[in-house]
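Asks: This one is work_33.cif, mmCIF, C-alpha atoms.
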```cif
data_final
loop_
_atom_site.label_atom_id
_atom_site.label_comp_id
_atom_site.auth_asym_id
_atom_site.auth_seq_id
_atom_site.Cartn_x
_atom_site.Cartn_y
_atom_site.Cartn_z
CA MET A 1 23.19 -166.02 -62.19
CA LEU A 2 19.47 -165.31 -62.63
CA SER A 3 18.19 -164.36 -66.05
CA TRP A 4 16.55 -160.99 -66.45
CA GLN A 5 13.18 -162.70 -66.95
CA MET A 6 13.47 -164.51 -63.59
CA SER A 7 14.50 -161.29 -61.82
CA LEU A 8 11.46 -159.48 -63.24
CA ARG A 9 9.09 -162.23 -62.02
CA ILE A 10 10.58 -162.07 -58.48
CA PHE A 11 10.31 -158.28 -58.43
CA LEU A 12 6.66 -158.33 -59.56
CA GLY A 13 5.84 -161.02 -56.97
CA ILE A 14 7.29 -158.88 -54.16
CA ILE A 15 5.31 -155.83 -55.31
CA THR A 16 2.06 -157.86 -55.55
CA GLY A 17 2.54 -159.32 -52.05
CA LEU A 18 3.17 -155.91 -50.52
CA ALA A 19 0.05 -154.50 -52.20
CA THR A 20 -2.11 -157.36 -50.95
CA ALA A 21 -0.85 -156.95 -47.39
CA LEU A 22 -1.59 -153.22 -47.48
CA ILE A 23 -5.13 -153.82 -48.75
CA LEU A 24 -5.87 -156.41 -46.06
CA HIS A 25 -4.56 -154.12 -43.35
CA ALA A 26 -6.66 -151.26 -44.59
CA CYS A 27 -9.83 -153.42 -44.56
CA GLN A 28 -9.19 -154.56 -41.00
CA ALA A 29 -8.42 -151.06 -39.79
CA GLU A 30 -11.46 -149.35 -41.42
CA PRO A 31 -13.96 -149.69 -38.53
CA ASN A 32 -11.47 -148.32 -36.03
CA ALA A 33 -10.67 -145.47 -38.35
CA LEU A 34 -14.46 -144.58 -38.53
CA ASN A 35 -14.78 -144.80 -34.78
CA ASN A 36 -11.75 -142.63 -34.16
CA GLY A 37 -13.08 -140.04 -36.56
CA SER A 38 -16.57 -139.91 -35.06
CA ASN A 39 -16.06 -140.95 -31.42
CA VAL A 40 -18.57 -143.81 -31.89
CA SER A 41 -18.15 -147.03 -29.96
CA PRO A 42 -16.44 -149.86 -31.88
CA ASN A 43 -19.64 -151.89 -31.34
CA ILE A 44 -21.61 -149.49 -33.50
CA SER A 45 -23.87 -152.14 -35.00
CA SER A 46 -24.89 -153.80 -31.73
CA SER A 47 -25.27 -150.44 -29.96
CA ALA A 48 -27.65 -149.15 -32.59
CA GLU A 49 -29.73 -152.32 -32.29
CA ALA A 50 -29.83 -152.05 -28.50
CA ASN A 51 -31.10 -148.47 -28.67
CA LYS A 52 -34.16 -149.44 -30.70
CA VAL A 53 -37.46 -149.43 -28.80
CA ALA A 54 -38.44 -153.03 -28.25
CA VAL A 55 -42.18 -153.74 -28.19
CA VAL A 56 -42.69 -156.86 -26.13
CA SER A 57 -46.13 -158.18 -27.02
CA LYS A 58 -47.87 -161.35 -28.06
CA SER A 59 -50.03 -159.24 -30.35
CA PRO A 60 -49.73 -159.35 -34.14
CA ASP A 61 -47.11 -157.30 -35.91
CA LYS A 62 -49.65 -154.55 -36.67
CA TYR A 63 -49.33 -153.39 -33.06
CA GLN A 64 -45.55 -153.07 -33.28
CA ASP A 65 -45.57 -149.79 -35.24
CA LYS A 66 -45.75 -147.33 -32.35
CA PRO A 67 -45.68 -143.66 -33.32
CA LYS A 68 -42.34 -141.98 -32.88
CA LYS A 69 -42.08 -138.91 -30.68
CA THR A 70 -41.56 -135.83 -32.80
CA GLU A 71 -40.94 -132.21 -31.96
CA LEU A 72 -44.02 -130.84 -30.22
CA PRO A 73 -45.97 -127.89 -31.62
CA PRO A 74 -45.30 -124.66 -29.67
CA ALA A 75 -48.73 -124.65 -27.96
CA THR A 76 -48.27 -128.26 -26.82
CA LYS A 77 -44.71 -127.69 -25.63
CA ALA A 78 -45.77 -124.63 -23.65
CA ILE A 79 -48.32 -126.68 -21.69
CA VAL A 80 -45.93 -129.59 -21.15
CA ASP A 81 -43.14 -127.25 -19.97
CA SER A 82 -45.50 -125.47 -17.55
CA VAL A 83 -46.17 -128.64 -15.50
CA PRO A 84 -43.97 -128.84 -12.38
CA ASN A 85 -41.74 -131.94 -12.51
CA GLY A 86 -42.94 -132.62 -16.06
CA LEU A 87 -46.17 -133.95 -17.55
CA TYR A 88 -46.62 -137.66 -16.88
CA ASP A 89 -46.27 -139.71 -20.06
CA PRO A 90 -47.95 -143.11 -19.59
CA PRO A 91 -46.57 -146.35 -21.04
CA ARG A 92 -48.15 -146.92 -24.40
CA GLY A 93 -50.45 -149.86 -25.08
CA ASP A 94 -51.20 -151.66 -28.32
CA ILE A 95 -53.93 -149.09 -29.02
CA ARG A 96 -54.42 -145.70 -27.39
CA LEU A 97 -57.67 -143.75 -27.07
CA ALA A 98 -58.05 -140.16 -25.90
CA VAL A 99 -61.40 -140.07 -24.09
CA ILE A 100 -63.26 -136.76 -23.78
CA SER A 101 -66.77 -135.79 -22.75
CA ASP A 102 -69.19 -132.97 -21.96
CA LEU A 103 -67.43 -130.20 -23.85
CA ASN A 104 -70.33 -127.75 -23.82
CA SER A 105 -70.73 -124.50 -21.93
CA SER A 106 -74.01 -122.66 -21.15
CA TYR A 107 -77.12 -123.08 -23.33
CA GLY A 108 -76.60 -121.78 -26.85
CA SER A 109 -72.91 -121.08 -26.35
CA THR A 110 -70.62 -121.08 -29.38
CA ASP A 111 -67.51 -120.85 -27.23
CA TYR A 112 -65.63 -123.51 -25.27
CA GLU A 113 -63.83 -123.62 -21.93
CA PRO A 114 -60.00 -123.32 -21.87
CA GLU A 115 -59.70 -126.98 -20.84
CA VAL A 116 -61.25 -128.06 -24.15
CA ASP A 117 -58.54 -126.23 -26.05
CA LYS A 118 -55.90 -127.58 -23.67
CA GLY A 119 -57.04 -131.17 -24.19
CA LEU A 120 -56.85 -130.80 -27.96
CA ALA A 121 -53.48 -129.05 -27.78
CA LEU A 122 -52.02 -131.96 -25.82
CA LEU A 123 -52.98 -134.63 -28.35
CA PRO A 124 -49.56 -134.43 -30.08
CA PHE A 125 -47.97 -135.26 -26.71
CA TRP A 126 -50.18 -138.29 -26.07
CA GLN A 127 -50.36 -139.35 -29.74
CA PRO A 128 -53.62 -141.34 -29.54
CA ASP A 129 -54.78 -143.60 -32.35
CA MET A 130 -58.31 -142.26 -31.96
CA VAL A 131 -60.36 -139.74 -29.99
CA VAL A 132 -63.65 -140.93 -28.50
CA CYS A 133 -66.32 -138.69 -26.97
CA SER A 134 -69.17 -139.72 -24.72
CA GLY A 135 -71.45 -136.87 -25.70
CA ASP A 136 -72.51 -133.25 -25.14
CA MET A 137 -70.43 -131.61 -27.82
CA VAL A 138 -72.72 -128.56 -28.12
CA ALA A 139 -75.02 -126.72 -25.71
CA GLY A 140 -78.52 -127.46 -26.96
CA GLN A 141 -81.64 -128.90 -25.30
CA TYR A 142 -83.18 -125.47 -24.74
CA PRO A 143 -86.64 -124.94 -26.27
CA SER A 144 -86.13 -121.30 -27.29
CA LEU A 145 -83.01 -121.96 -29.38
CA THR A 146 -83.64 -121.34 -33.06
CA GLU A 147 -82.43 -123.60 -35.84
CA ASP A 148 -79.85 -120.97 -36.81
CA GLN A 149 -78.52 -120.89 -33.24
CA ILE A 150 -78.23 -124.68 -33.17
CA LYS A 151 -76.42 -124.65 -36.52
CA ALA A 152 -74.07 -121.96 -35.19
CA MET A 153 -73.15 -124.20 -32.25
CA TRP A 154 -72.31 -127.09 -34.55
CA ALA A 155 -70.30 -124.74 -36.77
CA ALA A 156 -68.32 -123.66 -33.69
CA PHE A 157 -67.78 -127.31 -32.73
CA ASP A 158 -66.50 -128.04 -36.21
CA ASP A 159 -64.15 -125.06 -36.16
CA ARG A 160 -62.69 -125.69 -32.70
CA ILE A 161 -62.74 -129.48 -32.43
CA ALA A 162 -63.80 -131.57 -35.42
CA ALA A 163 -61.84 -129.77 -38.15
CA PRO A 164 -58.52 -129.90 -36.22
CA LEU A 165 -59.05 -133.64 -35.66
CA ARG A 166 -59.74 -134.18 -39.36
CA LYS A 167 -56.62 -132.20 -40.24
CA ALA A 168 -54.60 -134.38 -37.86
CA LYS A 169 -56.21 -137.48 -39.45
CA LEU A 170 -57.44 -138.63 -36.03
CA PRO A 171 -60.61 -140.76 -36.17
CA TYR A 172 -63.37 -139.44 -33.91
CA GLY A 173 -65.79 -141.97 -32.44
CA PHE A 174 -68.66 -140.39 -30.52
CA THR A 175 -72.10 -140.74 -29.04
CA VAL A 176 -74.68 -137.97 -28.86
CA GLY A 177 -75.57 -136.41 -25.51
CA ASN A 178 -78.75 -134.79 -24.22
CA HIS A 179 -77.40 -131.34 -25.15
CA ASP A 180 -76.58 -132.54 -28.68
CA ALA A 181 -79.75 -134.36 -29.68
CA SER A 182 -81.93 -135.40 -26.76
CA SER A 183 -84.14 -138.42 -27.44
CA ALA A 184 -86.58 -137.45 -24.67
CA ARG A 185 -90.19 -137.83 -25.82
CA GLY A 186 -93.41 -136.12 -24.88
CA ILE A 187 -96.74 -137.67 -23.94
CA ALA A 188 -97.65 -138.13 -27.60
CA GLY A 189 -94.42 -140.05 -28.20
CA LYS A 190 -92.76 -137.36 -30.30
CA PHE A 191 -89.25 -136.09 -29.70
CA LEU A 192 -89.25 -132.99 -27.51
CA PHE A 193 -86.09 -131.73 -29.19
CA ALA A 194 -86.68 -132.87 -32.75
CA ARG A 195 -84.97 -129.73 -34.11
CA ASP A 196 -81.79 -130.51 -32.19
CA ARG A 197 -81.80 -134.06 -33.51
CA ASP A 198 -82.41 -132.98 -37.08
CA VAL A 199 -79.56 -130.46 -37.10
CA ALA A 200 -77.18 -132.92 -35.39
CA SER A 201 -78.04 -135.63 -37.90
CA LYS A 202 -77.50 -133.32 -40.86
CA TYR A 203 -74.19 -132.12 -39.45
CA TRP A 204 -72.77 -135.60 -38.92
CA ASN A 205 -73.97 -136.95 -42.24
CA ALA A 206 -72.14 -134.08 -43.92
CA HIS A 207 -68.91 -134.46 -41.90
CA ASP A 208 -66.99 -137.73 -41.95
CA PRO A 209 -65.70 -138.59 -38.46
CA GLY A 210 -62.98 -140.74 -40.01
CA VAL A 211 -63.90 -144.03 -38.34
CA GLU A 212 -64.12 -147.41 -40.08
CA PHE A 213 -67.84 -148.08 -40.02
CA VAL A 214 -69.15 -151.60 -39.63
CA ASP A 215 -72.86 -150.75 -39.61
CA ARG A 216 -74.19 -147.19 -40.00
CA PHE A 217 -77.74 -148.37 -39.02
CA GLU A 218 -79.17 -145.02 -37.74
CA PHE A 219 -76.00 -142.93 -37.69
CA PRO A 220 -75.22 -140.77 -35.72
CA PHE A 221 -77.55 -142.24 -33.07
CA TYR A 222 -76.92 -145.96 -33.46
CA TYR A 223 -73.92 -147.35 -35.32
CA THR A 224 -70.86 -149.58 -35.02
CA PHE A 225 -67.26 -149.10 -36.07
CA LYS A 226 -63.89 -150.68 -35.45
CA TYR A 227 -60.25 -149.83 -35.06
CA LYS A 228 -57.96 -152.81 -35.66
CA ASP A 229 -59.11 -155.42 -33.10
CA VAL A 230 -61.39 -153.07 -31.15
CA PHE A 231 -65.15 -153.16 -31.85
CA PHE A 232 -67.19 -150.10 -30.84
CA LEU A 233 -70.94 -149.81 -30.54
CA THR A 234 -72.66 -146.46 -30.08
CA TRP A 235 -76.18 -146.27 -28.73
CA ASP A 236 -78.43 -143.26 -28.19
CA GLY A 237 -78.10 -142.71 -24.46
CA SER A 238 -79.17 -139.05 -24.75
CA SER A 239 -82.19 -139.98 -22.63
CA ASP A 240 -82.76 -142.86 -20.25
CA LEU A 241 -84.78 -145.25 -22.41
CA ILE A 242 -83.65 -147.20 -25.47
CA PRO A 243 -86.60 -148.54 -27.49
CA LYS A 244 -87.11 -152.28 -27.76
CA ASP A 245 -86.38 -152.43 -31.49
CA LYS A 246 -83.12 -150.57 -30.99
CA LEU A 247 -82.06 -152.98 -28.24
CA GLU A 248 -82.72 -155.84 -30.64
CA TRP A 249 -80.32 -154.18 -33.08
CA VAL A 250 -77.76 -153.77 -30.26
CA GLU A 251 -77.80 -157.50 -29.49
CA LYS A 252 -77.60 -158.40 -33.17
CA ALA A 253 -74.67 -156.00 -33.68
CA LEU A 254 -72.81 -157.42 -30.69
CA GLN A 255 -73.16 -160.90 -32.20
CA SER A 256 -72.03 -159.82 -35.68
CA PRO A 257 -68.93 -161.40 -37.26
CA ALA A 258 -66.97 -158.15 -36.76
CA ALA A 259 -67.87 -158.06 -33.07
CA LYS A 260 -67.02 -161.72 -32.52
CA ALA A 261 -63.67 -161.30 -34.29
CA ALA A 262 -62.67 -158.38 -32.07
CA LYS A 263 -60.43 -158.75 -29.03
CA ILE A 264 -62.39 -156.19 -27.04
CA LYS A 265 -65.87 -154.66 -27.31
CA ILE A 266 -66.49 -151.11 -26.11
CA LEU A 267 -69.86 -149.37 -25.80
CA LEU A 268 -70.27 -145.59 -26.06
CA GLY A 269 -73.34 -143.95 -24.51
CA HIS A 270 -74.02 -140.64 -22.79
CA LEU A 271 -76.07 -141.49 -19.71
CA PRO A 272 -74.32 -143.94 -17.36
CA LEU A 273 -75.84 -147.10 -15.97
CA TYR A 274 -75.26 -145.92 -12.38
CA ALA A 275 -75.03 -142.41 -10.97
CA VAL A 276 -71.79 -141.26 -9.34
CA THR A 277 -72.21 -137.49 -8.80
CA VAL A 278 -74.48 -135.10 -6.92
CA GLY A 279 -77.38 -133.87 -9.04
CA ARG A 280 -77.41 -136.98 -11.22
CA ASP A 281 -78.63 -139.39 -8.55
CA GLU A 282 -82.22 -139.79 -9.66
CA PRO A 283 -84.30 -141.62 -12.28
CA GLY A 284 -84.02 -140.11 -15.74
CA GLU A 285 -80.36 -139.18 -15.18
CA VAL A 286 -79.19 -142.78 -15.62
CA MET A 287 -80.24 -145.47 -18.08
CA ALA A 288 -83.57 -147.11 -17.22
CA ASN A 289 -83.74 -150.87 -16.68
CA THR A 290 -80.14 -150.76 -15.54
CA GLU A 291 -79.74 -154.35 -14.42
CA GLN A 292 -81.32 -155.76 -17.57
CA LEU A 293 -79.00 -153.64 -19.72
CA ARG A 294 -75.96 -154.71 -17.74
CA ALA A 295 -76.94 -158.38 -18.02
CA MET A 296 -77.35 -157.99 -21.78
CA LEU A 297 -73.94 -156.32 -22.12
CA GLU A 298 -72.26 -159.00 -20.01
CA ARG A 299 -73.97 -161.74 -22.00
CA ASN A 300 -72.49 -160.25 -25.17
CA ASN A 301 -68.99 -159.85 -23.67
CA VAL A 302 -68.87 -156.06 -23.71
CA HIS A 303 -65.75 -155.12 -21.77
CA THR A 304 -66.27 -151.41 -21.08
CA TYR A 305 -69.12 -148.93 -21.12
CA ILE A 306 -67.81 -145.39 -21.60
CA SER A 307 -70.34 -142.78 -20.47
CA GLY A 308 -70.53 -139.07 -19.75
CA HIS A 309 -73.28 -136.84 -18.30
CA ASP A 310 -72.23 -137.10 -14.63
CA HIS A 311 -69.43 -134.52 -15.00
CA GLY A 312 -67.16 -136.55 -12.76
CA TYR A 313 -64.42 -139.07 -13.55
CA TYR A 314 -64.91 -142.39 -11.82
CA PRO A 315 -63.30 -145.67 -12.96
CA ALA A 316 -65.70 -148.36 -11.77
CA HIS A 317 -66.85 -151.91 -12.26
CA LYS A 318 -70.04 -153.83 -11.62
CA GLY A 319 -70.24 -157.55 -12.18
CA LYS A 320 -68.13 -158.35 -15.25
CA LEU A 321 -68.58 -154.91 -16.80
CA GLN A 322 -66.03 -152.11 -16.63
CA LEU A 323 -67.61 -148.65 -16.28
CA LEU A 324 -65.61 -145.58 -17.28
CA HIS A 325 -67.52 -142.54 -16.05
CA THR A 326 -65.73 -139.90 -18.08
CA GLY A 327 -64.99 -136.53 -16.53
CA LEU A 328 -65.74 -133.32 -18.39
CA LEU A 329 -63.75 -130.64 -20.18
CA GLY A 330 -66.63 -128.15 -20.40
CA SER A 331 -68.45 -126.25 -17.66
CA GLY A 332 -69.96 -127.63 -14.46
CA PRO A 333 -67.84 -130.33 -12.75
CA ARG A 334 -69.79 -132.13 -10.02
CA PRO A 335 -68.80 -133.65 -6.65
CA TYR A 336 -69.12 -137.37 -5.95
CA ILE A 337 -72.12 -138.71 -4.07
CA GLY A 338 -71.29 -138.94 -0.37
CA SER A 339 -67.86 -137.33 -0.73
CA SER A 340 -66.40 -133.97 0.28
CA MET A 341 -63.79 -134.12 -2.49
CA PRO A 342 -63.88 -130.96 -4.62
CA PRO A 343 -65.01 -131.47 -8.23
CA ARG A 344 -62.51 -131.12 -11.07
CA LYS A 345 -62.26 -131.25 -14.83
CA THR A 346 -60.48 -134.28 -16.25
CA MET A 347 -59.40 -136.09 -19.40
CA THR A 348 -58.53 -139.76 -19.73
CA ILE A 349 -56.03 -141.61 -21.89
CA MET A 350 -57.04 -145.26 -22.29
CA ASP A 351 -54.36 -147.73 -23.35
CA ILE A 352 -55.53 -151.13 -24.58
CA ASN A 353 -53.03 -153.94 -23.99
CA PHE A 354 -54.12 -157.22 -25.53
CA SER A 355 -51.57 -159.25 -23.58
CA SER A 356 -52.81 -157.86 -20.24
CA PRO A 357 -55.59 -159.59 -18.26
CA GLU A 358 -57.16 -156.18 -17.52
CA LEU A 359 -57.01 -155.23 -21.22
CA THR A 360 -57.29 -151.50 -20.45
CA THR A 361 -55.33 -148.94 -18.43
CA TYR A 362 -56.58 -145.44 -17.59
CA THR A 363 -54.35 -142.40 -17.15
CA THR A 364 -56.51 -139.47 -16.09
CA TYR A 365 -55.35 -135.89 -15.64
CA ASP A 366 -56.69 -133.01 -13.58
CA MET A 367 -56.97 -130.50 -16.41
CA LYS A 368 -56.27 -127.52 -14.13
CA THR A 369 -53.03 -128.82 -12.64
CA MET A 370 -52.21 -131.49 -15.27
CA GLN A 371 -51.34 -133.88 -12.45
CA LYS A 372 -52.20 -137.57 -12.81
CA ILE A 373 -55.18 -138.71 -10.71
CA ASN A 374 -54.45 -141.91 -8.79
CA TYR A 375 -57.19 -144.39 -7.96
CA GLU A 376 -56.45 -144.02 -4.25
CA GLU A 377 -57.62 -140.41 -4.37
CA LEU A 378 -61.15 -141.49 -5.31
CA PRO A 379 -63.93 -143.06 -3.20
CA LYS A 380 -63.63 -146.85 -2.89
CA SER A 381 -67.30 -147.16 -3.79
CA ILE A 382 -70.26 -144.96 -4.65
CA SER A 383 -73.83 -145.82 -3.69
CA ALA A 384 -76.52 -144.18 -5.80
CA HIS A 385 -80.29 -144.66 -5.89
CA ASN A 386 -79.99 -147.53 -8.37
CA GLY A 387 -77.03 -149.43 -6.94
CA ILE A 388 -73.46 -149.46 -5.75
CA VAL A 389 -70.40 -149.38 -8.01
CA LEU A 390 -66.88 -150.17 -6.89
CA ARG A 391 -63.74 -148.35 -7.86
CA ARG A 392 -61.95 -150.28 -10.55
CA ASP A 393 -59.24 -151.67 -8.24
CA VAL A 394 -61.57 -152.48 -5.33
CA LYS A 395 -63.41 -155.73 -4.57
CA MET A 396 -66.50 -156.08 -2.40
CA GLU A 397 -64.47 -157.72 0.35
CA ASP A 398 -62.23 -154.64 0.46
CA LEU A 399 -65.11 -152.59 1.87
CA SER A 400 -65.40 -152.38 5.63
CA ALA A 401 -68.43 -153.76 7.45
CA SER A 402 -69.66 -150.23 8.12
CA GLU A 403 -69.29 -149.26 4.45
CA ARG A 404 -71.37 -152.24 3.39
CA SER A 405 -73.99 -151.71 6.06
CA ASN A 406 -74.35 -148.03 5.19
CA CYS A 407 -75.18 -148.99 1.61
CA GLU A 408 -77.59 -151.74 2.65
CA SER A 409 -79.43 -149.48 5.08
CA ARG A 410 -80.06 -147.01 2.24
CA LEU A 411 -80.61 -149.27 -0.74
CA GLY A 412 -81.16 -152.81 0.49
CA ALA A 413 -78.94 -155.87 0.05
CA ASN A 414 -79.84 -156.49 -3.59
CA LEU A 415 -78.54 -153.12 -4.79
CA CYS A 416 -75.43 -153.29 -2.61
CA SER A 417 -73.65 -156.09 -4.43
CA ALA A 418 -71.05 -155.64 -7.11
#
```
Kindly return the structure encoded in the file as structure tokens.
Replies:
Amino acid sequence: MLSWQMSLRIFLGIITGLATALILHACQAEPNALNNGSNVSPNISSSAEANKVAVVSKSPDKYQDKPKKTELPPATKAIVDSVPNGLYDPPRGDIRLAVISDLNSSYGSTDYEPEVDKGLALLPFWQPDMVVCSGDMVAGQYPSLTEDQIKAMWAAFDDRIAAPLRKAKLPYGFTVGNHDASSARGIAGKFLFARDRDVASKYWNAHDPGVEFVDRFEFPFYYTFKYKDVFFLTWDGSSDLIPKDKLEWVEKALQSPAAKAAKIKILLGHLPLYAVTVGRDEPGEVMANTEQLRAMLERNNVHTYISGHDHGYYPAHKGKLQLLHTGLLGSGPRPYIGSSMPPRKTMTIMDINFSSPELTTYTTYDMKTMQKINYEELPKSISAHNGIVLRRDVKMEDLSASERSNCESRLGANLCSA
């Protein structure tokens, strides 16, 4: 017969065993109990991991932090919802630029076209890292405008465009246009629009555009800045001629340590190298010494020249240089040279992908319809007085014999090569 001490030990052992078994069972059953209570898949951990957005890139980790889509402001949502079949949302690159140009209306105007407001309202949808502008932010270059009128235009620009960008903490890289601060000179060598230039300079030196300057040199006319691995140079293309000493600075800046360390170099200037629209196809409306400038830019590995002034979007290339002729948001869109296509207002989103051979991708919208403009809608090439440019996706051999001969008969063989 067992002693009472032995019986107590057996009883306690049984109780301890039962408790342990219950605890183990509870631990094993806990995930299923959570799933049953919340209707979540048993593979909750792996499912959550699979739903994360994967950024496949050979770029450094600093390009992995893509902005997350948030609830759109009412004005933005109203525009997005108004687009039949939805507003196209392009795949995001490592860095995204919203490219705008030629915002101005008639001379002296302190108001802006609806498309300017629409472009700004859509920035929360596109979520760019930076906004860049290829000039003509106000409507100057008119001799009878007083200093007060010019200041009023810049105050309107600040109220409608610059201040909202500052509030959104969006850097604004820009170049001045002929209506902002024309560098045209008279016979005596003095600036014809010195008042415009003085007011523009004072405005920009009192308002931080939020960029990371590399060299302020003669800001806002000549300067360099960077964003991560992108190096930007701005030159004063508000008239057709850049002085020799300024070109020496350009070459020096493009060979600077910051420029050499960058993965892509982008130039901002107002006048293009080659004309693409009606009314701009003449000397003085494009940069002078075009071929020498292009050779210098190619020699210094500039990837893209972003320009305005022509009031027509055309994605082109010439030699090794990409040419983004930016469309306008303001008044006065122009038709292409030699084309019956109706003019339209546009805005471009440029995505920079460092793992892509092309480096850049353009998504351009017709700002009336908000439909994406495909390359195939545009002329394969445009022949202006100072040379032919090819659409970005077109090679010279893609042109027909008649297309090449038409150019050569007008311009000669030398200007009809790309």
Asks: For the interface of range 78-187 of chain A with range 330-352 of chain A (cut-off 12 Å, counting only C-alpha atoms), please tabulate each contacting residue of range 78-187 of chain A alongside its nearest pair of atoms and their separation in Å to one decimal, rows sorted by chain and increasing number, as JSON lines.
Replies:
```
{"residue": "A:Tyr88", "atom": "CA", "partner": "A:Ile349", "partner_atom": "CA", "distance": 11.4}
{"residue": "A:Asp89", "atom": "CA", "partner": "A:Ile349", "partner_atom": "CA", "distance": 10.1}
{"residue": "A:Pro90", "atom": "CA", "partner": "A:Ile349", "partner_atom": "CA", "distance": 8.5}
{"residue": "A:Pro91", "atom": "CA", "partner": "A:Asp351", "partner_atom": "CA", "distance": 8.2}
{"residue": "A:Arg92", "atom": "CA", "partner": "A:Asp351", "partner_atom": "CA", "distance": 6.4}
{"residue": "A:Gly93", "atom": "CA", "partner": "A:Asp351", "partner_atom": "CA", "distance": 4.8}
{"residue": "A:Asp94", "atom": "CA", "partner": "A:Ile352", "partner_atom": "CA", "distance": 5.7}
{"residue": "A:Ile95", "atom": "CA", "partner": "A:Ile352", "partner_atom": "CA", "distance": 5.1}
{"residue": "A:Arg96", "atom": "CA", "partner": "A:Asp351", "partner_atom": "CA", "distance": 4.5}
{"residue": "A:Leu97", "atom": "CA", "partner": "A:Met350", "partner_atom": "CA", "distance": 5.1}
{"residue": "A:Ala98", "atom": "CA", "partner": "A:Ile349", "partner_atom": "CA", "distance": 4.7}
{"residue": "A:Val99", "atom": "CA", "partner": "A:Thr348", "partner_atom": "CA", "distance": 5.2}
{"residue": "A:Ile100", "atom": "CA", "partner": "A:Met347", "partner_atom": "CA", "distance": 5.9}
{"residue": "A:Ser101", "atom": "CA", "partner": "A:Gly330", "partner_atom": "CA", "distance": 8.0}
{"residue": "A:Asp102", "atom": "CA", "partner": "A:Gly330", "partner_atom": "CA", "distance": 5.7}
{"residue": "A:Leu103", "atom": "CA", "partner": "A:Gly330", "partner_atom": "CA", "distance": 4.1}
{"residue": "A:Asn104", "atom": "CA", "partner": "A:Gly330", "partner_atom": "CA", "distance": 5.1}
{"residue": "A:Ser105", "atom": "CA", "partner": "A:Ser331", "partner_atom": "CA", "distance": 5.1}
{"residue": "A:Ser106", "atom": "CA", "partner": "A:Ser331", "partner_atom": "CA", "distance": 7.5}
{"residue": "A:Tyr107", "atom": "CA", "partner": "A:Ser331", "partner_atom": "CA", "distance": 10.8}
{"residue": "A:Ser109", "atom": "CA", "partner": "A:Ser331", "partner_atom": "CA", "distance": 11.1}
{"residue": "A:Asp111", "atom": "CA", "partner": "A:Gly330", "partner_atom": "CA", "distance": 10.0}
{"residue": "A:Tyr112", "atom": "CA", "partner": "A:Gly330", "partner_atom": "CA", "distance": 6.8}
{"residue": "A:Glu113", "atom": "CA", "partner": "A:Gly330", "partner_atom": "CA", "distance": 5.5}
{"residue": "A:Pro114", "atom": "CA", "partner": "A:Gly330", "partner_atom": "CA", "distance": 8.3}
{"residue": "A:Glu115", "atom": "CA", "partner": "A:Gly330", "partner_atom": "CA", "distance": 7.0}
{"residue": "A:Val116", "atom": "CA", "partner": "A:Gly330", "partner_atom": "CA", "distance": 6.6}
{"residue": "A:Asp117", "atom": "CA", "partner": "A:Gly330", "partner_atom": "CA", "distance": 10.1}
{"residue": "A:Lys118", "atom": "CA", "partner": "A:Met347", "partner_atom": "CA", "distance": 10.1}
{"residue": "A:Gly119", "atom": "CA", "partner": "A:Met347", "partner_atom": "CA", "distance": 7.3}
{"residue": "A:Leu120", "atom": "CA", "partner": "A:Met347", "partner_atom": "CA", "distance": 10.4}
{"residue": "A:Leu122", "atom": "CA", "partner": "A:Met347", "partner_atom": "CA", "distance": 10.6}
{"residue": "A:Leu123", "atom": "CA", "partner": "A:Ile349", "partner_atom": "CA", "distance": 10.0}
{"residue": "A:Phe125", "atom": "CA", "partner": "A:Ile349", "partner_atom": "CA", "distance": 11.3}
{"residue": "A:Trp126", "atom": "CA", "partner": "A:Ile349", "partner_atom": "CA", "distance": 7.9}
{"residue": "A:Gln127", "atom": "CA", "partner": "A:Ile349", "partner_atom": "CA", "distance": 9.9}
{"residue": "A:Pro128", "atom": "CA", "partner": "A:Ile349", "partner_atom": "CA", "distance": 8.0}
{"residue": "A:Asp129", "atom": "CA", "partner": "A:Asp351", "partner_atom": "CA", "distance": 9.9}
{"residue": "A:Met130", "atom": "CA", "partner": "A:Met350", "partner_atom": "CA", "distance": 10.2}
{"residue": "A:Val131", "atom": "CA", "partner": "A:Ile349", "partner_atom": "CA", "distance": 9.4}
{"residue": "A:Val132", "atom": "CA", "partner": "A:Met350", "partner_atom": "CA", "distance": 10.1}
{"residue": "A:Cys133", "atom": "CA", "partner": "A:Met347", "partner_atom": "CA", "distance": 10.6}
{"residue": "A:Ser134", "atom": "CA", "partner": "A:Met347", "partner_atom": "CA", "distance": 11.7}
{"residue": "A:Gly135", "atom": "CA", "partner": "A:Gly330", "partner_atom": "CA", "distance": 11.3}
{"residue": "A:Asp136", "atom": "CA", "partner": "A:Gly330", "partner_atom": "CA", "distance": 9.1}
{"residue": "A:Met137", "atom": "CA", "partner": "A:Gly330", "partner_atom": "CA", "distance": 9.0}
{"residue": "A:Val138", "atom": "CA", "partner": "A:Gly330", "partner_atom": "CA", "distance": 9.8}
{"residue": "A:Ala139", "atom": "CA", "partner": "A:Gly330", "partner_atom": "CA", "distance": 10.0}
```
Asks: Please report the interatomic distance between CA of Arg404 in chain A and CA of Tyr314 in chain A in Å with one decimal.
Replies: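 Separation between CA of Arg404 in chain A and CA of Tyr314 in chain A: 19.2 Å.
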Asks: Give me the result of the PyMOL selection byres ((chain A and resi 316-322) around 12) on this file, residue by residue, as a VMD selection string.
Replies: chain A and resid 264 to 267 272 to 276 290 to 291 293 to 307 312 to 315 323 to 326 358 to 362 375 378 to 383 387 to 396 415 to 418
